[in-house]
file coords-v4.tsv (TSV, C-alpha atoms)
chain	number	residue	atom	x	y	z
A	117	MET	CA	-38.32	48.01	118.53
A	118	ASN	CA	-37.29	44.74	120.15
A	119	GLN	CA	-34.24	43.64	118.20
A	120	GLU	CA	-33.83	40.51	120.32
A	121	MET	CA	-36.81	38.88	118.61
A	122	THR	CA	-35.68	36.02	116.40
A	123	GLY	CA	-38.79	34.68	114.71
A	124	ALA	CA	-39.02	34.71	110.95
A	125	ALA	CA	-41.65	36.77	109.20
A	126	THR	CA	-44.65	34.48	108.66
A	127	THR	CA	-47.57	36.60	107.45
A	128	PRO	CA	-48.06	37.44	103.76
A	129	GLU	CA	-47.89	41.13	104.63
A	130	ALA	CA	-44.56	40.73	106.42
A	131	THR	CA	-43.20	38.63	103.57
A	132	ALA	CA	-44.20	41.30	101.06
A	133	VAL	CA	-42.54	44.04	103.12
A	134	LEU	CA	-39.30	42.06	103.25
A	135	ALA	CA	-39.45	41.42	99.50
A	136	ASP	CA	-39.75	45.17	98.89
A	137	PHE	CA	-36.78	45.90	101.12
A	138	GLN	CA	-34.77	43.19	99.40
A	139	ALA	CA	-35.55	44.63	95.97
A	140	ASP	CA	-34.44	48.08	97.13
A	141	TYR	CA	-31.30	46.60	98.63
A	142	LEU	CA	-30.43	44.78	95.41
A	143	ASN	CA	-30.89	48.04	93.49
A	144	ALA	CA	-28.47	49.71	95.88
A	145	MET	CA	-25.94	46.97	95.20
A	146	ILE	CA	-26.40	47.28	91.45
A	147	ALA	CA	-25.75	51.01	91.86
A	148	GLY	CA	-22.73	50.25	94.04
A	149	SER	CA	-24.03	52.61	96.72
A	150	GLY	CA	-23.20	51.74	100.30
A	151	ARG	CA	-25.11	54.79	101.51
A	152	GLN	CA	-28.22	53.70	99.66
A	153	ALA	CA	-27.85	50.20	101.13
A	154	ASP	CA	-27.53	51.74	104.61
A	155	GLN	CA	-30.77	53.64	104.06
A	156	VAL	CA	-32.58	50.42	103.17
A	157	ILE	CA	-31.44	48.73	106.38
A	158	THR	CA	-32.34	51.79	108.46
A	159	HIS	CA	-35.79	51.81	106.85
A	160	ALA	CA	-36.23	48.13	107.62
A	161	PHE	CA	-35.43	48.66	111.29
A	162	ASP	CA	-37.77	51.65	111.37
A	163	GLN	CA	-40.51	49.28	110.16
A	164	GLN	CA	-39.81	46.86	113.04
A	165	VAL	CA	-38.01	44.25	110.92
A	166	VAL	CA	-35.87	42.19	113.31
A	167	VAL	CA	-32.18	41.72	112.67
A	168	ASN	CA	-32.55	37.99	111.93
A	169	ASP	CA	-34.93	38.77	109.08
A	170	VAL	CA	-32.61	41.49	107.80
A	171	TYR	CA	-29.86	38.89	107.55
A	172	MET	CA	-31.94	36.11	106.05
A	173	ASN	CA	-34.41	37.94	103.81
A	174	ILE	CA	-32.44	41.00	102.73
A	175	LEU	CA	-28.70	40.33	102.95
A	176	GLN	CA	-28.65	36.61	102.15
A	177	THR	CA	-31.26	36.76	99.40
A	178	THR	CA	-29.40	39.62	97.77
A	179	ALA	CA	-26.04	37.85	98.06
A	180	TYR	CA	-27.45	34.82	96.25
A	181	GLU	CA	-28.90	37.03	93.51
A	182	ILE	CA	-25.57	38.82	93.09
A	183	GLY	CA	-23.90	35.45	92.71
A	184	ARG	CA	-26.39	34.49	90.03
A	185	LEU	CA	-25.87	37.76	88.17
A	186	TRP	CA	-22.12	37.23	88.28
A	187	GLN	CA	-22.49	33.72	86.86
A	188	VAL	CA	-24.44	35.03	83.86
A	189	ASN	CA	-21.97	37.90	83.32
A	190	LYS	CA	-24.36	40.63	84.44
A	191	PHE	CA	-22.24	41.54	87.46
A	192	THR	CA	-18.50	42.11	87.26
A	193	VAL	CA	-15.97	40.78	89.74
A	194	ALA	CA	-15.41	44.34	90.94
A	195	GLN	CA	-19.15	44.84	91.50
A	196	GLU	CA	-19.38	41.53	93.38
A	197	HIS	CA	-16.44	42.49	95.61
A	198	LEU	CA	-17.94	45.91	96.31
A	199	ALA	CA	-21.31	44.41	97.22
A	200	THR	CA	-19.66	41.87	99.50
A	201	ALA	CA	-17.67	44.60	101.24
A	202	ILE	CA	-20.87	46.59	101.86
A	203	ILE	CA	-22.68	43.55	103.26
A	204	GLU	CA	-19.78	42.63	105.54
A	205	ARG	CA	-19.50	46.19	106.82
A	206	GLN	CA	-23.19	46.24	107.66
A	207	MET	CA	-22.99	42.86	109.34
A	208	GLY	CA	-20.22	44.25	111.53
A	209	ASP	CA	-22.46	47.17	112.45
A	210	MET	CA	-25.33	44.82	113.34
A	211	HIS	CA	-23.31	42.23	115.25
A	212	GLY	CA	-24.12	43.84	118.61
A	213	LEU	CA	-27.83	43.15	118.02
A	214	PHE	CA	-27.19	39.39	118.19
A	215	LYS	CA	-27.21	39.26	121.97
A	216	PRO	CA	-26.88	35.74	123.41
A	217	GLN	CA	-30.24	34.57	124.71
A	218	THR	CA	-28.67	31.99	127.00
A	219	ASP	CA	-25.30	30.38	127.74
A	220	LEU	CA	-25.22	26.83	126.42
A	221	LYS	CA	-21.63	26.33	127.56
A	222	ARG	CA	-20.95	24.82	124.14
A	223	THR	CA	-18.16	25.94	121.87
A	224	LEU	CA	-18.17	26.26	118.08
A	225	VAL	CA	-15.19	26.86	115.81
A	226	LEU	CA	-16.09	27.72	112.24
A	227	GLY	CA	-14.60	29.18	109.10
A	228	CYS	CA	-14.18	28.60	105.39
A	229	VAL	CA	-12.29	25.70	103.89
A	230	GLU	CA	-8.84	26.38	102.44
A	231	LYS	CA	-8.88	28.67	99.36
A	232	GLU	CA	-12.53	29.61	99.94
A	233	PHE	CA	-12.85	33.39	100.28
A	234	HIS	CA	-16.66	33.71	100.20
A	235	ARG	CA	-17.39	34.11	103.89
A	236	VAL	CA	-20.66	36.04	104.24
A	237	GLY	CA	-22.80	32.94	104.83
A	238	CYS	CA	-20.32	31.55	107.33
A	239	ARG	CA	-20.36	34.80	109.27
A	240	MET	CA	-24.16	34.75	109.34
A	241	VAL	CA	-24.05	31.31	110.92
A	242	ALA	CA	-21.54	32.59	113.48
A	243	ASP	CA	-23.85	35.43	114.53
A	244	PHE	CA	-26.94	33.21	114.74
A	245	MET	CA	-25.08	30.59	116.75
A	246	GLU	CA	-23.75	33.22	119.15
A	247	GLN	CA	-27.28	34.52	119.60
A	248	ALA	CA	-28.44	30.98	120.39
A	249	GLY	CA	-25.95	30.78	123.26
A	250	TRP	CA	-22.86	29.19	121.72
A	251	THR	CA	-19.36	30.47	122.39
A	252	VAL	CA	-18.22	31.11	118.82
A	253	TYR	CA	-14.73	31.31	117.36
A	254	TYR	CA	-15.23	32.62	113.84
A	255	LEU	CA	-12.05	32.20	111.78
A	256	GLY	CA	-13.18	33.78	108.52
A	257	ALA	CA	-12.05	32.93	105.00
A	258	ALA	CA	-9.56	30.38	103.65
A	259	VAL	CA	-8.44	28.75	106.90
A	260	PRO	CA	-5.61	26.21	106.61
A	261	VAL	CA	-6.95	22.95	107.98
A	262	ARG	CA	-4.07	22.42	110.42
A	263	ASP	CA	-4.67	25.85	111.95
A	264	PHE	CA	-8.36	24.97	112.15
A	265	VAL	CA	-7.48	21.78	114.03
A	266	SER	CA	-5.14	23.67	116.36
A	267	MET	CA	-7.81	26.20	117.28
A	268	ALA	CA	-10.44	23.52	117.80
A	269	ARG	CA	-8.10	21.67	120.14
A	270	SER	CA	-7.09	24.76	122.10
A	271	VAL	CA	-10.69	25.77	122.89
A	272	ASN	CA	-12.06	22.23	123.36
A	273	ALA	CA	-14.59	22.68	120.57
A	274	ASP	CA	-17.89	20.84	120.84
A	275	LEU	CA	-18.75	21.48	117.17
A	276	ILE	CA	-16.85	22.39	114.02
A	277	GLY	CA	-18.38	24.37	111.16
A	278	VAL	CA	-16.81	24.53	107.70
A	279	SER	CA	-18.06	26.42	104.66
A	280	ALA	CA	-17.51	25.85	100.94
A	281	GLN	CA	-19.43	28.30	98.79
A	282	MET	CA	-17.95	27.31	95.43
A	283	VAL	CA	-18.62	23.77	94.23
A	284	TYR	CA	-14.99	23.16	93.29
A	285	HIS	CA	-14.01	23.63	96.94
A	286	VAL	CA	-16.37	20.93	98.20
A	287	PRO	CA	-13.79	18.10	97.78
A	288	SER	CA	-11.56	19.96	100.25
A	289	ILE	CA	-14.09	19.14	102.96
A	290	THR	CA	-13.19	15.45	102.64
A	291	ASN	CA	-9.56	16.36	103.28
A	292	PHE	CA	-10.71	18.56	106.14
A	293	VAL	CA	-12.52	15.66	107.81
A	294	ARG	CA	-9.56	13.35	107.22
A	295	GLU	CA	-7.15	15.76	108.90
A	296	PHE	CA	-9.35	15.97	112.00
A	297	ASP	CA	-9.39	12.17	112.10
A	298	ASN	CA	-5.61	11.99	111.68
A	299	GLN	CA	-5.14	14.43	114.57
A	300	GLY	CA	-7.28	12.30	116.88
A	301	MET	CA	-10.21	14.72	116.83
A	302	GLY	CA	-12.61	12.72	114.71
A	303	GLY	CA	-15.12	12.55	117.56
A	304	ILE	CA	-16.04	16.23	117.22
A	305	PRO	CA	-19.13	16.61	115.00
A	306	ILE	CA	-18.62	18.69	111.87
A	307	MET	CA	-21.31	20.68	110.09
A	308	ALA	CA	-20.88	21.93	106.53
A	309	GLY	CA	-22.50	24.85	104.76
A	310	GLY	CA	-22.50	26.87	101.57
A	311	LEU	CA	-24.45	27.07	98.34
A	312	PRO	CA	-23.67	23.48	97.20
A	313	PHE	CA	-25.39	22.21	100.35
A	314	VAL	CA	-28.42	24.40	99.65
A	315	GLN	CA	-28.65	22.98	96.15
A	316	GLN	CA	-28.02	19.38	97.29
A	317	PRO	CA	-29.27	18.97	100.89
A	318	GLU	CA	-27.98	15.38	101.16
A	319	LEU	CA	-24.48	16.21	99.86
A	320	TYR	CA	-23.01	16.20	103.36
A	321	ARG	CA	-23.55	12.44	103.65
A	322	ALA	CA	-20.88	11.77	101.01
A	323	LEU	CA	-18.30	13.96	102.74
A	324	GLY	CA	-18.08	12.46	106.21
A	325	VAL	CA	-19.60	15.42	108.05
A	326	ARG	CA	-22.42	15.11	110.56
A	327	PHE	CA	-24.94	17.50	108.98
A	328	SER	CA	-25.48	20.62	106.90
A	329	GLY	CA	-28.02	23.43	106.98
A	330	VAL	CA	-29.60	25.42	104.19
A	331	ASP	CA	-29.19	28.66	106.15
A	332	ALA	CA	-28.18	30.09	109.52
A	333	ARG	CA	-31.50	29.29	111.17
A	334	ALA	CA	-31.31	25.68	110.04
A	335	ALA	CA	-27.73	25.44	111.29
A	336	VAL	CA	-28.82	26.53	114.77
A	337	THR	CA	-31.64	23.98	114.80
A	338	ARG	CA	-29.48	21.09	113.60
A	339	ALA	CA	-26.66	21.97	115.98
A	340	SER	CA	-29.04	21.87	118.94
A	341	GLN	CA	-30.05	18.34	117.92
A	342	VAL	CA	-26.60	16.93	117.30
A	343	ALA	CA	-23.94	18.61	119.40
call {"tool": "encode", "arguments": {"input": "coords-v4.tsv", "output": "structure tokens"}}
result
Amino acid sequence: MNQEMTGAATTPEATAVLADFQADYLNAMIAGSGRQADQVITHAFDQQVVVNDVYMNILQTTAYEIGRLWQVNKFTVAQEHLATAIIERQMGDMHGLFKPQTDLKRTLVLGCVEKEFHRVGCRMVADFMEQAGWTVYYLGAAVPVRDFVSMARSVNADLIGVSAQMVYHVPSITNFVREFDNQGMGGIPIMAGGLPFVQQPELYRALGVRFSGVDARAAVTRASQVA
């Protein structure tokens, strides 16, 4: 199996296979079984599913469905936290499969806006960007903006990525952009991500950031065009 392949599944057969794996993975999350979730991922790799498709079509799709179930009170906070912990553990296990395909000599600093603790999507972007050849500094959840600025300055960042998964954290991105401007770093392009930007693709225009992407693949594409 060539795990360095990055293309998305495009045939109806491949799409159906991924949908089956995703359904099994969601059932594992509903059961709260990390072992069962591990078996699904192992099965997927045995069937030649590449790691990019595991992230996008199994992990991400399931994470969005868990969020929906939580919103309609069919998933408890404890269940959501358990599922997130399982996904993050598996992403850690798979990180080594995201081997850089080139060295762009471009640096990205990314993390979640202050008070935002939903970090799975942000970490997916970090792995995809690293695979695409970026030097990535992934800061994780709830990063104070001044610390974000300090890191970006210390590594001479070429691009900043900030995530807001919950809609009530989106206004913090305006403050985020303002702080970079106040610190004399307004020339560094900023990309934004998170569910609000999936639901409203043009939202970024009102926040002073350069662009947003609906997923990790889109973030890589847009970053290559802008930064």
call {"tool": "closest_residue", "arguments": {"input": "coords-v4.tsv", "among": "A:Ile202, A:Ala339, A:Val265, A:Cys228", "to": "Arg151 (chain A)", "atoms": "all atoms listed in the file"}}
result
A:Ile202
call {"tool": "axis_aligned_box", "arguments": {"input": "coords-v4.tsv", "around": "region 276-280 of chain A", "padding_each_side": "8 Å", "output": "JSON"}}
result
{"center_x": -17.6, "center_y": 24.4, "center_z": 107.5, "size_x": 17.6, "size_y": 20.0, "size_z": 29.1}
call {"tool": "atom_distance", "arguments": {"input": "coords-v4.tsv", "atom1": "CA of Asn143 (chain A)", "atom2": "CA of Asp169 (chain A)"}}
result
18.6 Å
call {"tool": "residues_near_point", "arguments": {"input": "coords-v4.tsv", "point": "(-13.0, 24.4, 111.1)", "cutoff": "10 Å", "atoms": "all atoms listed in the file", "output": "PyMOL selection string"}}
result
chain A and resi 224-230+253-256+259-268+273+275-279+289+292-293+296+306-308
call {"tool": "atom_distance", "arguments": {"input": "coords-v4.tsv", "atom1": "CA of Asp154 (chain A)", "atom2": "CA of Arg205 (chain A)"}}
result
10.0 Å
call {"tool": "closest_residue", "arguments": {"input": "coords-v4.tsv", "among": "A:Ile157, A:Met245, A:Val252, A:Val193", "to": "Asp136 (chain A)", "atoms": "all atoms listed in the file"}}
result
A:Ile157
call {"tool": "closest_residue", "arguments": {"input": "coords-v4.tsv", "among": "A:Ser288, A:Thr177, A:Ser270, A:Asn168", "to": "Ala135 (chain A)", "atoms": "only C-alpha atoms"}}
result
A:Thr177
call {"tool": "closest_residue", "arguments": {"input": "coords-v4.tsv", "among": "A:Phe137, A:Gln281, A:Asn272, A:Gly324", "to": "Glu295 (chain A)", "atoms": "only C-alpha atoms"}}
result
A:Gly324
call {"tool": "atom_distance", "arguments": {"input": "coords-v4.tsv", "atom1": "CA of Gln206 (chain A)", "atom2": "CA of Arg222 (chain A)"}}
result
27.1 Å
call {"tool": "residues_near_point", "arguments": {"input": "coords-v4.tsv", "point": "(-27.3, 24.9, 100.6)", "cutoff": "9 Å", "atoms": "all atoms listed in the file", "output": "list in words"}}
result
Gln281, Gly309, Gly310, Leu311, Pro312, Phe313, Val314, Gln315, Gln316, Pro317, Ser328, Gly329, Val330 and Asp331 of chain A
call {"tool": "decode", "arguments": {"input": "coords-v4.tsv", "residues": "region 294-305 of chain A", "atoms": "all heavy atoms", "output": "PDB file, in the first residue's frame"}}
result
ATOM      1  N   ARG A 294      -6.670  42.251  14.259  1.00  0.00           N
ATOM      2  CA  ARG A 294      -6.310  43.584  14.749  1.00  0.00           C
ATOM      3  C   ARG A 294      -5.006  43.538  15.549  1.00  0.00           C
ATOM      4  O   ARG A 294      -4.164  44.433  15.428  1.00  0.00           O
ATOM      5  CB  ARG A 294      -7.440  44.139  15.621  1.00  0.00           C
ATOM      6  CG  ARG A 294      -7.196  45.575  16.092  1.00  0.00           C
ATOM      7  CD  ARG A 294      -8.351  46.087  16.950  1.00  0.00           C
ATOM      8  NE  ARG A 294      -9.605  46.082  16.194  1.00  0.00           N
ATOM      9  CZ  ARG A 294     -10.659  45.344  16.496  1.00  0.00           C
ATOM     10  NH1 ARG A 294     -10.621  44.537  17.561  1.00  0.00           N
ATOM     11  NH2 ARG A 294     -11.754  45.405  15.768  1.00  0.00           N
ATOM     12  N   GLU A 295      -4.829  42.499  16.352  1.00  0.00           N
ATOM     13  CA  GLU A 295      -3.612  42.391  17.155  1.00  0.00           C
ATOM     14  C   GLU A 295      -2.390  42.203  16.270  1.00  0.00           C
ATOM     15  O   GLU A 295      -1.321  42.783  16.537  1.00  0.00           O
ATOM     16  CB  GLU A 295      -3.734  41.236  18.145  1.00  0.00           C
ATOM     17  CG  GLU A 295      -2.560  41.102  19.100  1.00  0.00           C
ATOM     18  CD  GLU A 295      -2.407  42.284  20.042  1.00  0.00           C
ATOM     19  OE1 GLU A 295      -3.394  43.033  20.253  1.00  0.00           O
ATOM     20  OE2 GLU A 295      -1.283  42.475  20.563  1.00  0.00           O
ATOM     21  N   PHE A 296      -2.509  41.414  15.208  1.00  0.00           N
ATOM     22  CA  PHE A 296      -1.386  41.266  14.279  1.00  0.00           C
ATOM     23  C   PHE A 296      -1.054  42.609  13.636  1.00  0.00           C
ATOM     24  O   PHE A 296       0.121  42.968  13.470  1.00  0.00           O
ATOM     25  CB  PHE A 296      -1.697  40.208  13.215  1.00  0.00           C
ATOM     26  CG  PHE A 296      -1.256  38.830  13.594  1.00  0.00           C
ATOM     27  CD1 PHE A 296      -2.031  38.039  14.429  1.00  0.00           C
ATOM     28  CD2 PHE A 296      -0.050  38.320  13.153  1.00  0.00           C
ATOM     29  CE1 PHE A 296      -1.623  36.769  14.802  1.00  0.00           C
ATOM     30  CE2 PHE A 296       0.374  37.050  13.511  1.00  0.00           C
ATOM     31  CZ  PHE A 296      -0.418  36.267  14.349  1.00  0.00           C
ATOM     32  N   ASP A 297      -2.080  43.363  13.281  1.00  0.00           N
ATOM     33  CA  ASP A 297      -1.851  44.696  12.713  1.00  0.00           C
ATOM     34  C   ASP A 297      -1.151  45.598  13.724  1.00  0.00           C
ATOM     35  O   ASP A 297      -0.185  46.301  13.388  1.00  0.00           O
ATOM     36  CB  ASP A 297      -3.177  45.333  12.289  1.00  0.00           C
ATOM     37  CG  ASP A 297      -3.773  44.686  11.050  1.00  0.00           C
ATOM     38  OD1 ASP A 297      -3.020  43.995  10.325  1.00  0.00           O
ATOM     39  OD2 ASP A 297      -4.981  44.862  10.810  1.00  0.00           O
ATOM     40  N   ASN A 298      -1.624  45.586  14.967  1.00  0.00           N
ATOM     41  CA  ASN A 298      -1.056  46.449  16.003  1.00  0.00           C
ATOM     42  C   ASN A 298       0.399  46.107  16.292  1.00  0.00           C
ATOM     43  O   ASN A 298       1.174  46.992  16.695  1.00  0.00           O
ATOM     44  CB  ASN A 298      -1.866  46.329  17.298  1.00  0.00           C
ATOM     45  CG  ASN A 298      -3.252  46.936  17.182  1.00  0.00           C
ATOM     46  OD1 ASN A 298      -3.517  47.730  16.283  1.00  0.00           O
ATOM     47  ND2 ASN A 298      -4.146  46.559  18.083  1.00  0.00           N
ATOM     48  N   GLN A 299       0.770  44.852  16.093  1.00  0.00           N
ATOM     49  CA  GLN A 299       2.145  44.413  16.346  1.00  0.00           C
ATOM     50  C   GLN A 299       3.025  44.533  15.111  1.00  0.00           C
ATOM     51  O   GLN A 299       4.150  44.031  15.093  1.00  0.00           O
ATOM     52  CB  GLN A 299       2.147  42.966  16.853  1.00  0.00           C
ATOM     53  CG  GLN A 299       1.459  42.777  18.190  1.00  0.00           C
ATOM     54  CD  GLN A 299       2.138  43.526  19.317  1.00  0.00           C
ATOM     55  OE1 GLN A 299       3.367  43.616  19.363  1.00  0.00           O
ATOM     56  NE2 GLN A 299       1.352  44.079  20.236  1.00  0.00           N
ATOM     57  N   GLY A 300       2.529  45.214  14.085  1.00  0.00           N
ATOM     58  CA  GLY A 300       3.318  45.439  12.878  1.00  0.00           C
ATOM     59  C   GLY A 300       3.489  44.221  12.004  1.00  0.00           C
ATOM     60  O   GLY A 300       4.431  44.150  11.208  1.00  0.00           O
ATOM     61  N   MET A 301       2.574  43.252  12.132  1.00  0.00           N
ATOM     62  CA  MET A 301       2.680  42.014  11.359  1.00  0.00           C
ATOM     63  C   MET A 301       1.479  41.814  10.453  1.00  0.00           C
ATOM     64  O   MET A 301       1.142  40.690  10.060  1.00  0.00           O
ATOM     65  CB  MET A 301       2.838  40.821  12.313  1.00  0.00           C
ATOM     66  CG  MET A 301       4.070  40.948  13.208  1.00  0.00           C
ATOM     67  SD  MET A 301       4.265  39.546  14.327  1.00  0.00           S
ATOM     68  CE  MET A 301       4.670  38.233  13.167  1.00  0.00           C
ATOM     69  N   GLY A 302       0.827  42.908  10.104  1.00  0.00           N
ATOM     70  CA  GLY A 302      -0.363  42.831   9.274  1.00  0.00           C
ATOM     71  C   GLY A 302      -0.098  42.379   7.854  1.00  0.00           C
ATOM     72  O   GLY A 302      -1.046  42.053   7.122  1.00  0.00           O
ATOM     73  N   GLY A 303       1.165  42.350   7.439  1.00  0.00           N
ATOM     74  CA  GLY A 303       1.479  41.926   6.077  1.00  0.00           C
ATOM     75  C   GLY A 303       1.461  40.422   5.884  1.00  0.00           C
ATOM     76  O   GLY A 303       1.510  39.938   4.739  1.00  0.00           O
ATOM     77  N   ILE A 304       1.403  39.657   6.981  1.00  0.00           N
ATOM     78  CA  ILE A 304       1.382  38.201   6.864  1.00  0.00           C
ATOM     79  C   ILE A 304      -0.044  37.750   6.553  1.00  0.00           C
ATOM     80  O   ILE A 304      -0.973  38.084   7.296  1.00  0.00           O
ATOM     81  CB  ILE A 304       1.855  37.526   8.170  1.00  0.00           C
ATOM     82  CG1 ILE A 304       3.236  38.025   8.569  1.00  0.00           C
ATOM     83  CG2 ILE A 304       1.870  36.006   8.002  1.00  0.00           C
ATOM     84  CD1 ILE A 304       3.706  37.486   9.915  1.00  0.00           C
ATOM     85  N   PRO A 305      -0.266  37.023   5.483  1.00  0.00           N
ATOM     86  CA  PRO A 305      -1.630  36.573   5.173  1.00  0.00           C
ATOM     87  C   PRO A 305      -2.151  35.629   6.242  1.00  0.00           C
ATOM     88  O   PRO A 305      -1.410  34.827   6.813  1.00  0.00           O
ATOM     89  CB  PRO A 305      -1.481  35.869   3.820  1.00  0.00           C
ATOM     90  CG  PRO A 305      -0.035  35.535   3.699  1.00  0.00           C
ATOM     91  CD  PRO A 305       0.709  36.575   4.457  1.00  0.00           C
TER      92      PRO A 305
END
